[in-house]
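Let me begin by presenting the structure, written as structure tokens, before commenting on it.
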Amino acid sequence: MSTTTDHPVEQVGGATAKYVDQRLGSNKFLGRNLGKVFPDHWSFMLGEIALYSFIIVLLTGTFLTFFYNPSMVEVVYNGAYVPLKGVQMSEAYASSLDISFEVRGGLLIRQMHHWSALIFVAAMAVHMFRVFFTGAFRKPREFNWLVGVGLTALALGAGFTGYSLPDDLLSGTGLQIIRGILQSIPLVGTWAAFLVFGGEFPGTEIIPRLYAAHILLIPGVILALITVHLMMVWTQKHTQFPGPGRTNTNVVGYPLLPVYMAKAGGFFFIVFGIIALIGGLVTVNPIWIFGPYMPDQVSAGTQPDWYIGWLDGALRLMPNWESVIAGFTISWNVLIPSVVIPGILFTGLALYPFLEAWATGDKREHNLLERPRNAPVRTGIGVAAIVFYGILWIGGGNDVIAAAFSLSFNVLSWALRISLIILPPIAFLITKRICLGLQRKDREKLLHGYESGRVLRLPHGEFIEVHQPLNYKELAVISAKDDLPVLPAPVKVDADGVRNPNYRVDQLRHKLSSFFLRDNIERPTDAEIEAGQAHAAHSAALEAPLHEYEELDQDPVGHGGVLHHPGMPMTNQEQVDQRQ
Amino acid sequence: MNEITPMSDENGEAGNEAHSSAPAKLGYSPVAEIPHRLRVTDTDPKAARRAERQVASMFTLSMVFIILSVIAYVTIDKYAVIYVPVLGEVGASNVVLGLTFGIAVFLIGAGAIQWAKKLMPDVEVVQERHDMVSEKEDDALAVANYERGKDESGFARYKMIRRSLLGAMALLPIPIIVVLRDLWITPPGENPTEILSTTLWAKGKRIVSDGTYLPVRPEDLPVGGLVSALPEGLLEVQEEEHNLNARGKAAIILVRMDPDQIRSQQGEGWDYNGILAYSKICTHVGCPIALYEQRTHHLLCPCHQSTFDLADSGAVIFGPAARNMPQLPISVDEEGYLISTQDFAVPVGPSFWERDKA
């Protein structure tokens with residue numbers, strides 16, 4: 001066998017491929033997958049950015065572990081940074097300073113690590129928006145959505161634990177807040193705080209513990225989940241946007257080898273290069289300015305990393321409620337913003353695909369993405385959630401904003417508190433209306449073509465705007481709209497007098513389904529679309545005879561324009577008919 | 001699925017050779033109905049060669065920058081500072097390493113993408129999808145195998161085995177949780193509530209100013225002034241305990257105001273001639289506070305903007321904190337130094353479940 005020259009291995013990759021294949025049977029996999037088709041769209045790069053920045057976080061983080069010392073033992077700093085010479089600090093902070101000043105390339109790697117972590121979380125968030133607003137989470141991809149939600153939560157954990165490691169004044173203050181949050185948890189909170197910190201705050205244990213979580217536990221789980229995430233994408237094949245030739249049962253794009261591999265692989269280096277450039281040119285987290293952590297010191301106007309901002313904002317905007325029930329203290333002012341709100345948000349995210357599928361009764365597989373306008377309620381909910389998040393995030397910087405714009409932060413805080421309650425529903429309504437408006441426009445385009453912007457005056461004086469048929473691309477995109485009927489209202493007792501035992505549930509489901517679907521603008525039928533487009537083509541053709549009249553205009557007899565006179569066909573239509 | 005539909009270009013040419021000659025076995029086929037516009041590099045061999053040169057020069061330039069970054073690593077002094085417009089004074093090594101390495105890596109990516117876009121086929125191809133659900137036979141096989149396993153193991157039959165196994169599995173996590181108890185390692189046996197409710201302050205403890213650690217006299221503090229202060233002997237405690245725990249609870253601020261302006265205090269006569277001592281640790285989530293507006297006597301937390309009125313028992317007048325800033329009763333000793341007359345009456349810092357049991 002090994003000497004057979006017509007063995008396909010010879011064509012695939014020569015001796016090495018054959019060697020490996022004889023041991024692993026790998027060519028069976030390669031044969032099936034090297035030509036795997038991946039659809040192309042700019043928004044599919046967002047997940048790639050998240051993946052690549054995570055790889056860069058791993059690479060740079062590994063380098064940092066060679067130099068960083070996760071210890072809270074107090075030492076006297078005697079390094080290169082003069083302003084801190086002779087200052088007492090933890091070994092963690094001292095080694096972070098050494099990475100920044102003594103290790104060549106250390107600051108670059110530290111800044112690349114920080115920047116790529118920030119980009120990692122940002123890319124995940126935007127990737128999640130893309131998946132949400134295009135309905136990519138629908139059957140069969142609900143599990144992958146769950147994995148994604150888990151990854152997002154873990155990314156926040158990874159970011160926060162890393163932020164705390166340098167043990168500078170800023171990160172220590174962050175930990176102090178975490179201590180306060182832990183203590184607010186009813187019943188077990190006090191103990192939880194003592195267990196996490198190894199006793200009283202700040203203690204000497206928290207940095208090594210966070211280190212274990214930051215470099216082993218959390219990245220390990222993230223890596224495992226990313227693997228699962230990608231394997232599911234691989235098995236289920238990537239979703240695609242509607243377009244010419246694209247259906248729910250095919251996938252149109254470029255084969256893995258070579259185009260997709262070159263583009264995706266090249267994009268990794270682009271992301272890597274840009275992060276290296278940012279790391280070299282833009283300072284992030286200059287820990288040497290903040291000084292070592294002291295539990296009785298703080299600096300004003302400090303901000304957490306961007307992805308923690310919304311939680312900090314929630315803490316700031318919450319009214320100061322606290323109750324003592326049977327002698328026990330419940331700090332609603334801390335518990336609600338830092339435990340309850342994120343809990344609701346992440347639970348809501350995780351459950352959304354299942355809720356929507358249940359509410360709409362949609363059990364079909366969806367491989368074709370839905371345009372956000374075609375799911376007005378979903379899009380509205382998404383925008384409302386983003387507005388809610390955005391207000392909390394702005395709240396996280398209320399002191400900075402108040403100072404920058406010379407506002408009273410008391411007024412600003414109140415404005416944000418009120419906005420937090422009233423703006424999301426308003427955002428929902430406006431978004432839904434915009435979506436419905438766009439749907440109407442789409443329907444109009446399908447039925448009458450698009451407005452060419454050219455106004456025609458017909459021989460008998462009538463003005464019309466010429467409509468043109470849609471081009472094949474737009475037609476494919478718009479006509480991919482998928483209408484779902486509202487679930488029928490249940491009957492309490494059917495014709496045979498049998499009571500419906502699920503009446504209440506069915507009624508709720510009917511109402512939810514109606515909430516989701518009732519305002520949808522119905523897509524015209526295929527026949528209507530065809531007729532509409534043909535009509536538009538026809539109307540466009542009416543423009544042709546006009547040019548003949550232009551010549552007529554130069555007639556020396558002259559009658560000041562194209563006017564109808566006896567003997568002339570009444571309409572362009574008649575003229576076209578006459579000619580035929 | 002394997003049927004190849006000849007792809008039609010706009011100008012009617014047969015499609016890219018790589019695809020039209022590809023055997024059907026590849027598992028995908030070009031999309032027939034999409035008009036495809038040929039690129040310049042498809043039609044003009046000169047343009048194709050130019051693209052080839054572009055890609056190759058990006059990769060070559062990348063090599064140059066990789067070597068430059070190594071040279072920069074070796075030659076640039078790690079403490080050297082240079083002035084760069086916009087950035088200001090920056091570490092030379094960091095900027096040059098970031099630039100050279102970043103450009104080198106970027107060029108590899110840019111070259112690869114240029115290669116893909118200009119020279120690799122840009123014809124979209126189509127592959128069929130299949131529903132995720134398993135074929136009927138596979139489904140039946142899975143069920144049959146499961147049933148066989150269940151049957152052979154006797155999981156359904158041996159009730160006693162089943163229940164005891166479930167019981168053992170249910171108990172197994174308990175030691176895994178119990179063993180976490182010693183996450184709180186020091187000091188064993190003490191009650192968190194007690195620890196959180198006591199500080200270094202006691203009757204007769206001298207107040208020293210933060211930084212100098214020298215005792216404070218009333219006359220050191222002008223009206224309107226604020227001093228961060230600590231209990232005497234804190235450094236020794238820190239030395240002994242090897243941590244900053246005591247500091248985190250005992251830190252206070254001293255403010256002095258006109259005694260007439262004090263509207264209320266947490267205890268009768270807890271001030272000393274208009275000097276008030278308050279905890280420095282915010283009752284919200286524990287940030288240290290030192291933003292003081294002497295005209296209004298307001299104390300503002302920089303973390304979440306809780307605002308306390310120090311002339312009115314440290315009451316919360318704005319923000320998310322629910323509790324007054326705890327006040328420390330003070331006096332002077334016979335040598336004229338400020339002292340505390342007792343520990344805080346309530347726990348300092350953020351609230352906790354057992355706080356009001358303390």
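Chain labels run A, B, ... following the order of the structure tokens; each chain numbers its residues from 1, and ligands are numbered from 1 in the order shown.
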Quick one: residues within 12 Å of region 186-199 of chain A, only C-alpha atoms counted, chain neighbours fewer than 5 positions away excluded, as a PDB file with N, CA and C atoms, in the first residue's frame?
```pdb
ATOM      1  N   LEU A 175     -11.074  45.644  44.825  1.00  0.00           N
ATOM      2  CA  LEU A 175     -11.271  44.484  45.696  1.00  0.00           C
ATOM      3  C   LEU A 175     -12.063  44.859  46.934  1.00  0.00           C
ATOM      4  N   GLN A 176     -11.813  46.080  47.426  1.00  0.00           N
ATOM      5  CA  GLN A 176     -12.547  46.546  48.599  1.00  0.00           C
ATOM      6  C   GLN A 176     -14.051  46.578  48.298  1.00  0.00           C
ATOM      7  N   ILE A 177     -14.371  47.018  47.063  1.00  0.00           N
ATOM      8  CA  ILE A 177     -15.772  47.069  46.664  1.00  0.00           C
ATOM      9  C   ILE A 177     -16.336  45.651  46.575  1.00  0.00           C
ATOM     10  N   ILE A 178     -15.520  44.728  46.055  1.00  0.00           N
ATOM     11  CA  ILE A 178     -15.961  43.325  45.972  1.00  0.00           C
ATOM     12  C   ILE A 178     -16.245  42.793  47.378  1.00  0.00           C
ATOM     13  N   ARG A 179     -15.398  43.163  48.327  1.00  0.00           N
ATOM     14  CA  ARG A 179     -15.627  42.748  49.707  1.00  0.00           C
ATOM     15  C   ARG A 179     -16.984  43.265  50.181  1.00  0.00           C
ATOM     16  N   GLY A 180     -17.257  44.541  49.908  1.00  0.00           N
ATOM     17  CA  GLY A 180     -18.536  45.119  50.308  1.00  0.00           C
ATOM     18  C   GLY A 180     -19.708  44.392  49.673  1.00  0.00           C
ATOM     19  N   ILE A 181     -19.526  44.018  48.397  1.00  0.00           N
ATOM     20  CA  ILE A 181     -20.603  43.319  47.690  1.00  0.00           C
ATOM     21  C   ILE A 181     -20.827  41.937  48.302  1.00  0.00           C
ATOM     22  N   THR A 204      -3.823  38.620  53.459  1.00  0.00           N
ATOM     23  CA  THR A 204      -2.617  38.360  52.669  1.00  0.00           C
ATOM     24  C   THR A 204      -2.840  37.246  51.655  1.00  0.00           C
ATOM     25  N   GLU A 205      -4.092  36.813  51.526  1.00  0.00           N
ATOM     26  CA  GLU A 205      -4.346  35.634  50.692  1.00  0.00           C
ATOM     27  C   GLU A 205      -4.946  35.946  49.337  1.00  0.00           C
ATOM     28  N   ILE A 206      -5.584  37.102  49.230  1.00  0.00           N
ATOM     29  CA  ILE A 206      -6.452  37.310  48.067  1.00  0.00           C
ATOM     30  C   ILE A 206      -5.672  37.322  46.755  1.00  0.00           C
ATOM     31  N   ILE A 207      -4.480  37.918  46.736  1.00  0.00           N
ATOM     32  CA  ILE A 207      -3.743  38.004  45.466  1.00  0.00           C
ATOM     33  C   ILE A 207      -3.347  36.615  44.950  1.00  0.00           C
ATOM     34  N   PRO A 208      -2.716  35.763  45.795  1.00  0.00           N
ATOM     35  CA  PRO A 208      -2.428  34.416  45.268  1.00  0.00           C
ATOM     36  C   PRO A 208      -3.668  33.652  44.850  1.00  0.00           C
ATOM     37  N   ARG A 209      -4.769  33.863  45.530  1.00  0.00           N
ATOM     38  CA  ARG A 209      -6.002  33.153  45.142  1.00  0.00           C
ATOM     39  C   ARG A 209      -6.530  33.652  43.805  1.00  0.00           C
ATOM     40  N   LEU A 210      -6.550  34.978  43.658  1.00  0.00           N
ATOM     41  CA  LEU A 210      -7.006  35.526  42.384  1.00  0.00           C
ATOM     42  C   LEU A 210      -6.097  35.059  41.256  1.00  0.00           C
ATOM     43  N   ALA A 213      -7.067  31.684  40.122  1.00  0.00           N
ATOM     44  CA  ALA A 213      -8.281  31.771  39.318  1.00  0.00           C
ATOM     45  C   ALA A 213      -7.975  32.388  37.955  1.00  0.00           C
ATOM     46  N   GLU A 322     -31.862  50.128  52.763  1.00  0.00           N
ATOM     47  CA  GLU A 322     -31.330  49.049  53.596  1.00  0.00           C
ATOM     48  C   GLU A 322     -32.423  48.709  54.584  1.00  0.00           C
ATOM     49  N   SER A 323     -32.627  47.427  54.866  1.00  0.00           N
ATOM     50  CA  SER A 323     -33.610  47.124  55.899  1.00  0.00           C
ATOM     51  C   SER A 323     -33.029  46.165  56.915  1.00  0.00           C
ATOM     52  N   VAL A 324     -33.570  46.271  58.120  1.00  0.00           N
ATOM     53  CA  VAL A 324     -33.185  45.348  59.173  1.00  0.00           C
ATOM     54  C   VAL A 324     -34.421  44.525  59.488  1.00  0.00           C
ATOM     55  N   ILE A 325     -34.361  43.235  59.194  1.00  0.00           N
ATOM     56  CA  ILE A 325     -35.513  42.363  59.403  1.00  0.00           C
ATOM     57  C   ILE A 325     -35.124  41.335  60.447  1.00  0.00           C
ATOM     58  N   GLY A 327     -33.620  41.716  63.076  1.00  0.00           N
ATOM     59  CA  GLY A 327     -32.263  41.916  63.561  1.00  0.00           C
ATOM     60  C   GLY A 327     -31.191  41.682  62.506  1.00  0.00           C
ATOM     61  N   PHE A 328     -31.589  41.197  61.330  1.00  0.00           N
ATOM     62  CA  PHE A 328     -30.593  40.963  60.281  1.00  0.00           C
ATOM     63  C   PHE A 328     -30.645  42.069  59.229  1.00  0.00           C
ATOM     64  N   THR A 329     -29.466  42.423  58.750  1.00  0.00           N
ATOM     65  CA  THR A 329     -29.352  43.560  57.847  1.00  0.00           C
ATOM     66  C   THR A 329     -29.370  43.095  56.398  1.00  0.00           C
ATOM     67  N   ILE A 330     -30.218  43.700  55.610  1.00  0.00           N
ATOM     68  CA  ILE A 330     -30.194  43.424  54.167  1.00  0.00           C
ATOM     69  C   ILE A 330     -29.890  44.726  53.450  1.00  0.00           C
ATOM     70  N   SER A 331     -28.745  44.775  52.782  1.00  0.00           N
ATOM     71  CA  SER A 331     -28.321  45.993  52.090  1.00  0.00           C
ATOM     72  C   SER A 331     -28.798  45.962  50.646  1.00  0.00           C
ATOM     73  N   TRP A 332     -30.037  46.376  50.471  1.00  0.00           N
ATOM     74  CA  TRP A 332     -30.579  46.410  49.102  1.00  0.00           C
ATOM     75  C   TRP A 332     -29.736  47.311  48.210  1.00  0.00           C
ATOM     76  N   VAL A 334     -26.696  47.600  47.925  1.00  0.00           N
ATOM     77  CA  VAL A 334     -25.541  46.927  47.319  1.00  0.00           C
ATOM     78  C   VAL A 334     -25.985  45.654  46.606  1.00  0.00           C
ATOM     79  N   LEU A 335     -26.907  44.945  47.240  1.00  0.00           N
ATOM     80  CA  LEU A 335     -27.344  43.646  46.733  1.00  0.00           C
ATOM     81  C   LEU A 335     -28.014  43.774  45.362  1.00  0.00           C
ATOM     82  N   ILE A 336     -28.924  44.729  45.225  1.00  0.00           N
ATOM     83  CA  ILE A 336     -29.673  44.842  43.967  1.00  0.00           C
ATOM     84  C   ILE A 336     -28.760  45.199  42.792  1.00  0.00           C
ATOM     85  N   VAL A 339     -25.696  42.219  42.553  1.00  0.00           N
ATOM     86  CA  VAL A 339     -26.010  40.789  42.499  1.00  0.00           C
ATOM     87  C   VAL A 339     -27.295  40.552  41.717  1.00  0.00           C
TER      88      VAL A 339
ATOM     89  N   ILE B 177     -17.145  20.605  49.749  1.00  0.00           N
ATOM     90  CA  ILE B 177     -17.505  21.944  50.225  1.00  0.00           C
ATOM     91  C   ILE B 177     -16.923  22.197  51.613  1.00  0.00           C
ATOM     92  N   VAL B 178     -17.006  21.160  52.468  1.00  0.00           N
ATOM     93  CA  VAL B 178     -16.528  21.317  53.842  1.00  0.00           C
ATOM     94  C   VAL B 178     -15.050  21.698  53.874  1.00  0.00           C
ATOM     95  N   VAL B 179     -14.293  21.092  52.950  1.00  0.00           N
ATOM     96  CA  VAL B 179     -12.855  21.297  52.961  1.00  0.00           C
ATOM     97  C   VAL B 179     -12.502  22.751  52.630  1.00  0.00           C
ATOM     98  N   LEU B 180     -13.472  23.489  52.120  1.00  0.00           N
ATOM     99  CA  LEU B 180     -13.213  24.897  51.820  1.00  0.00           C
ATOM    100  C   LEU B 180     -13.220  25.761  53.082  1.00  0.00           C
ATOM    101  N   ARG B 181     -13.635  25.172  54.213  1.00  0.00           N
ATOM    102  CA  ARG B 181     -13.754  25.950  55.441  1.00  0.00           C
ATOM    103  C   ARG B 181     -12.453  26.673  55.796  1.00  0.00           C
ATOM    104  N   ASP B 182     -11.332  26.008  55.570  1.00  0.00           N
ATOM    105  CA  ASP B 182     -10.082  26.629  55.978  1.00  0.00           C
ATOM    106  C   ASP B 182      -9.537  27.623  54.964  1.00  0.00           C
ATOM    107  N   LEU B 183     -10.368  27.966  53.988  1.00  0.00           N
ATOM    108  CA  LEU B 183     -10.007  29.114  53.161  1.00  0.00           C
ATOM    109  C   LEU B 183      -9.823  30.322  54.073  1.00  0.00           C
ATOM    110  N   TRP B 184     -10.637  30.376  55.105  1.00  0.00           N
ATOM    111  CA  TRP B 184     -10.432  31.391  56.129  1.00  0.00           C
ATOM    112  C   TRP B 184      -9.453  30.799  57.135  1.00  0.00           C
ATOM    113  N   ILE B 185      -8.174  31.153  56.988  1.00  0.00           N
ATOM    114  CA  ILE B 185      -7.171  30.430  57.760  1.00  0.00           C
ATOM    115  C   ILE B 185      -6.872  31.056  59.107  1.00  0.00           C
ATOM    116  N   THR B 186      -6.946  32.385  59.213  1.00  0.00           N
ATOM    117  CA  THR B 186      -6.539  32.995  60.477  1.00  0.00           C
ATOM    118  C   THR B 186      -7.562  33.999  60.960  1.00  0.00           C
ATOM    119  N   PRO B 187      -7.738  34.213  62.197  1.00  0.00           N
ATOM    120  CA  PRO B 187      -7.408  33.241  63.236  1.00  0.00           C
ATOM    121  C   PRO B 187      -8.568  32.293  63.405  1.00  0.00           C
ATOM    122  N   PRO B 188      -8.331  31.014  63.631  1.00  0.00           N
ATOM    123  CA  PRO B 188      -9.436  30.067  63.665  1.00  0.00           C
ATOM    124  C   PRO B 188     -10.326  30.300  64.884  1.00  0.00           C
ATOM    125  N   GLY B 189     -11.569  29.947  64.713  1.00  0.00           N
ATOM    126  CA  GLY B 189     -12.468  29.962  65.855  1.00  0.00           C
ATOM    127  C   GLY B 189     -13.104  31.299  66.158  1.00  0.00           C
ATOM    128  N   GLU B 190     -12.596  32.363  65.574  1.00  0.00           N
ATOM    129  CA  GLU B 190     -13.196  33.657  65.910  1.00  0.00           C
ATOM    130  C   GLU B 190     -14.418  33.927  65.052  1.00  0.00           C
ATOM    131  N   ASN B 191     -15.222  34.827  65.516  1.00  0.00           N
ATOM    132  CA  ASN B 191     -16.480  35.118  64.871  1.00  0.00           C
ATOM    133  C   ASN B 191     -16.322  36.339  63.961  1.00  0.00           C
ATOM    134  N   PRO B 192     -16.685  36.232  62.679  1.00  0.00           N
ATOM    135  CA  PRO B 192     -16.520  37.373  61.759  1.00  0.00           C
ATOM    136  C   PRO B 192     -17.169  38.645  62.288  1.00  0.00           C
ATOM    137  N   THR B 193     -18.341  38.477  62.881  1.00  0.00           N
ATOM    138  CA  THR B 193     -19.055  39.655  63.370  1.00  0.00           C
ATOM    139  C   THR B 193     -18.219  40.423  64.388  1.00  0.00           C
ATOM    140  N   GLU B 194     -17.576  39.653  65.279  1.00  0.00           N
ATOM    141  CA  GLU B 194     -16.751  40.278  66.306  1.00  0.00           C
ATOM    142  C   GLU B 194     -15.565  41.013  65.684  1.00  0.00           C
ATOM    143  N   ILE B 195     -14.935  40.339  64.716  1.00  0.00           N
ATOM    144  CA  ILE B 195     -13.766  40.930  64.074  1.00  0.00           C
ATOM    145  C   ILE B 195     -14.139  42.222  63.364  1.00  0.00           C
ATOM    146  N   LEU B 196     -15.282  42.185  62.665  1.00  0.00           N
ATOM    147  CA  LEU B 196     -15.690  43.367  61.909  1.00  0.00           C
ATOM    148  C   LEU B 196     -16.125  44.501  62.837  1.00  0.00           C
ATOM    149  N   ASN B 243      -0.134  42.275  57.951  1.00  0.00           N
ATOM    150  CA  ASN B 243      -1.185  42.635  57.003  1.00  0.00           C
ATOM    151  C   ASN B 243      -1.681  44.043  57.298  1.00  0.00           C
ATOM    152  N   LEU B 244      -2.602  44.512  56.466  1.00  0.00           N
ATOM    153  CA  LEU B 244      -3.095  45.888  56.593  1.00  0.00           C
ATOM    154  C   LEU B 244      -4.497  45.915  57.179  1.00  0.00           C
ATOM    155  N   ASN B 245      -4.913  44.784  57.786  1.00  0.00           N
ATOM    156  CA  ASN B 245      -6.297  44.674  58.250  1.00  0.00           C
ATOM    157  C   ASN B 245      -6.663  45.759  59.265  1.00  0.00           C
ATOM    158  N   PRO B 350     -18.683  48.668  55.202  1.00  0.00           N
ATOM    159  CA  PRO B 350     -19.951  48.230  54.607  1.00  0.00           C
ATOM    160  C   PRO B 350     -20.781  47.364  55.556  1.00  0.00           C
ATOM    161  N   SER B 351     -22.078  47.403  55.338  1.00  0.00           N
ATOM    162  CA  SER B 351     -22.999  46.609  56.166  1.00  0.00           C
ATOM    163  C   SER B 351     -22.789  45.125  55.930  1.00  0.00           C
ATOM    164  N   PHE B 352     -23.242  44.329  56.845  1.00  0.00           N
ATOM    165  CA  PHE B 352     -23.244  42.887  56.663  1.00  0.00           C
ATOM    166  C   PHE B 352     -24.418  42.305  57.421  1.00  0.00           C
ATOM    167  N   TRP B 353     -24.729  41.088  57.082  1.00  0.00           N
ATOM    168  CA  TRP B 353     -25.942  40.398  57.547  1.00  0.00           C
ATOM    169  C   TRP B 353     -26.128  40.514  59.065  1.00  0.00           C
ATOM    170  N   GLU B 354     -25.058  40.276  59.842  1.00  0.00           N
ATOM    171  CA  GLU B 354     -25.197  40.229  61.306  1.00  0.00           C
ATOM    172  C   GLU B 354     -24.895  41.589  61.935  1.00  0.00           C
ATOM    173  N   ARG B 355     -24.787  42.646  61.135  1.00  0.00           N
ATOM    174  CA  ARG B 355     -24.317  43.928  61.637  1.00  0.00           C
ATOM    175  C   ARG B 355     -25.098  44.413  62.854  1.00  0.00           C
TER     176      ARG B 355
END
```
At most 7 Å to chain A: residues in chain B, only C-alpha atoms, as a PyMOL selection string:
chain B and resi 26+31+33-34+73+78+94-95+97-99+101-103+105-106+108-110+112-113+116+120+124-130+183-186+192+243-245+247-248+251+285-288+302+304-305+319-322+350-357
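One distance worth recording is that between CA of Lys441 (chain A) and CA of Ile521 (chain A), which is 9.8 Å.
The gap separating CA of Leu291 (chain B) from CA of Asp271 (chain B) is 20.4 Å, in Å to one decimal.
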Looking only at the backbone, which of the residues in region 50-280 of chain B does DSSP tag as strand (DSSP E), as a compact mmCIF listing (two decimals) with N, CA and C atoms, in the first residue's frame?
```txt
# COMPACT_ATOMS: atom_id res chain seq x y z
N VAL B 81 14.32 57.37 27.51
CA VAL B 81 13.04 58.03 27.29
C VAL B 81 13.18 58.93 26.08
N ILE B 82 12.17 58.87 25.19
CA ILE B 82 12.22 59.78 24.05
C ILE B 82 10.93 60.59 24.01
N TYR B 83 11.03 61.71 23.28
CA TYR B 83 9.84 62.53 23.11
C TYR B 83 9.22 62.21 21.76
N VAL B 84 7.96 61.80 21.78
CA VAL B 84 7.25 61.55 20.53
C VAL B 84 6.07 62.52 20.49
N GLY B 88 4.08 62.30 23.82
CA GLY B 88 4.84 62.93 24.90
C GLY B 88 6.09 62.12 25.21
N GLU B 89 6.55 62.22 26.48
CA GLU B 89 7.74 61.50 26.91
C GLU B 89 7.38 60.04 27.14
N VAL B 90 7.99 59.16 26.37
CA VAL B 90 7.65 57.74 26.52
C VAL B 90 8.92 56.90 26.53
N GLY B 91 8.76 55.68 27.04
CA GLY B 91 9.88 54.74 27.04
C GLY B 91 10.23 54.37 25.60
N VAL B 125 -19.01 29.36 -3.52
CA VAL B 125 -19.47 28.01 -3.82
C VAL B 125 -20.57 27.63 -2.83
N VAL B 126 -21.28 26.59 -3.18
CA VAL B 126 -22.42 26.23 -2.34
C VAL B 126 -22.29 24.80 -1.85
N GLN B 127 -22.70 24.60 -0.62
CA GLN B 127 -22.68 23.27 -0.02
C GLN B 127 -24.06 23.06 0.62
N GLU B 128 -24.52 21.83 0.57
CA GLU B 128 -25.83 21.57 1.17
C GLU B 128 -25.70 21.43 2.69
N LYS B 205 -6.60 55.91 73.64
CA LYS B 205 -5.69 55.69 72.50
C LYS B 205 -5.38 57.01 71.81
N ARG B 206 -4.10 57.32 71.66
CA ARG B 206 -3.74 58.57 71.03
C ARG B 206 -3.99 58.52 69.52
N ILE B 207 -4.35 59.68 69.00
CA ILE B 207 -4.59 59.82 67.57
C ILE B 207 -3.32 60.35 66.92
N VAL B 208 -2.78 59.60 65.93
CA VAL B 208 -1.59 60.11 65.24
C VAL B 208 -1.97 60.43 63.80
N SER B 209 -1.27 61.39 63.21
CA SER B 209 -1.64 61.77 61.86
C SER B 209 -1.01 60.78 60.87
N LEU B 226 -8.84 69.39 57.64
CA LEU B 226 -9.10 67.95 57.67
C LEU B 226 -7.77 67.23 57.75
N VAL B 227 -7.70 66.24 58.62
CA VAL B 227 -6.48 65.44 58.75
C VAL B 227 -6.86 63.96 58.73
N SER B 228 -6.14 63.19 57.90
CA SER B 228 -6.30 61.74 57.96
C SER B 228 -5.50 61.24 59.15
N ALA B 229 -6.10 60.38 59.95
CA ALA B 229 -5.40 59.97 61.16
C ALA B 229 -5.58 58.49 61.44
N LEU B 230 -4.73 58.00 62.36
CA LEU B 230 -4.70 56.57 62.69
C LEU B 230 -4.47 56.43 64.18
N PRO B 231 -4.73 55.26 64.74
CA PRO B 231 -4.42 55.08 66.17
C PRO B 231 -2.92 54.89 66.37
N ILE B 252 -9.26 57.06 60.28
CA ILE B 252 -10.28 58.08 60.55
C ILE B 252 -9.89 59.39 59.88
N ILE B 253 -10.84 60.30 59.86
CA ILE B 253 -10.52 61.67 59.50
C ILE B 253 -10.92 62.57 60.67
N LEU B 254 -10.09 63.59 60.88
CA LEU B 254 -10.41 64.61 61.88
C LEU B 254 -10.79 65.87 61.13
N VAL B 255 -11.92 66.45 61.50
CA VAL B 255 -12.27 67.75 60.90
C VAL B 255 -12.57 68.72 62.04
N ARG B 256 -12.28 69.96 61.79
CA ARG B 256 -12.58 70.95 62.83
C ARG B 256 -13.53 71.98 62.26
N ILE B 275 -13.72 69.70 67.16
CA ILE B 275 -13.01 68.68 66.38
C ILE B 275 -13.82 67.39 66.42
N LEU B 276 -14.13 66.88 65.22
CA LEU B 276 -14.91 65.65 65.12
C LEU B 276 -14.06 64.58 64.47
N ALA B 277 -14.21 63.34 64.94
CA ALA B 277 -13.50 62.22 64.31
C ALA B 277 -14.53 61.27 63.71
N TYR B 278 -14.37 61.01 62.43
CA TYR B 278 -15.25 60.07 61.74
C TYR B 278 -14.42 58.97 61.10
N SER B 279 -15.04 57.80 60.95
CA SER B 279 -14.37 56.73 60.22
C SER B 279 -14.09 57.21 58.80
```
Can you list, as a PyMOL selection string, every protein, DNA or RNA residue that comes within 10 Å of Cys435 (chain A) when you count only C-alpha atoms, leaving out same-chain residues fewer than 4 positions away?
chain A and resi 371-377+379-380+429-431+439-441+520-521
Nearby residues (only C-alpha atoms) at most 10 Å from Leu423 (chain A), same-chain spacing under 4 positions excluded, as an NGL selection string:
:A and (384 or 387-388 or 391 or 416 or 418-419 or 427-429)
What's the separation between CA of Gly135 (chain A) and CA of Asp362 (chain A), in Å to one decimal place?
12.1 Å
With only C-alpha atoms as the counted atoms, please give the residues lying no more than 10 Å from Asn285 (chain A), apart from itself and same-chain residues fewer than 5 positions off, as a ChimeraX atom specification.
/A:110-111,114-115,163,166,168,170-171,290,304-305
Take the residues that were just selected and, keeping C-alpha atoms, output them as a short mmCIF file (atom, residue, chain, number, x, y, z; two decimals), in the first residue's frame.
```cif
data_model
loop_
_atom_site.label_atom_id
_atom_site.label_comp_id
_atom_site.auth_asym_id
_atom_site.auth_seq_id
_atom_site.Cartn_x
_atom_site.Cartn_y
_atom_site.Cartn_z
CA ARG A 110 1.75 43.94 29.84
CA GLN A 111 -0.02 46.60 27.81
CA HIS A 114 -4.43 44.53 29.02
CA TRP A 115 -5.51 45.90 25.65
CA TYR A 163 -7.23 43.79 37.00
CA PRO A 166 -0.92 44.26 40.24
CA ASP A 168 -1.89 48.89 43.00
CA LEU A 170 -6.76 51.28 41.98
CA SER A 171 -7.11 47.51 41.87
CA PHE A 290 -1.32 54.93 41.44
CA PRO A 304 -12.63 50.55 36.39
CA ASP A 305 -12.03 48.76 33.09
#
```
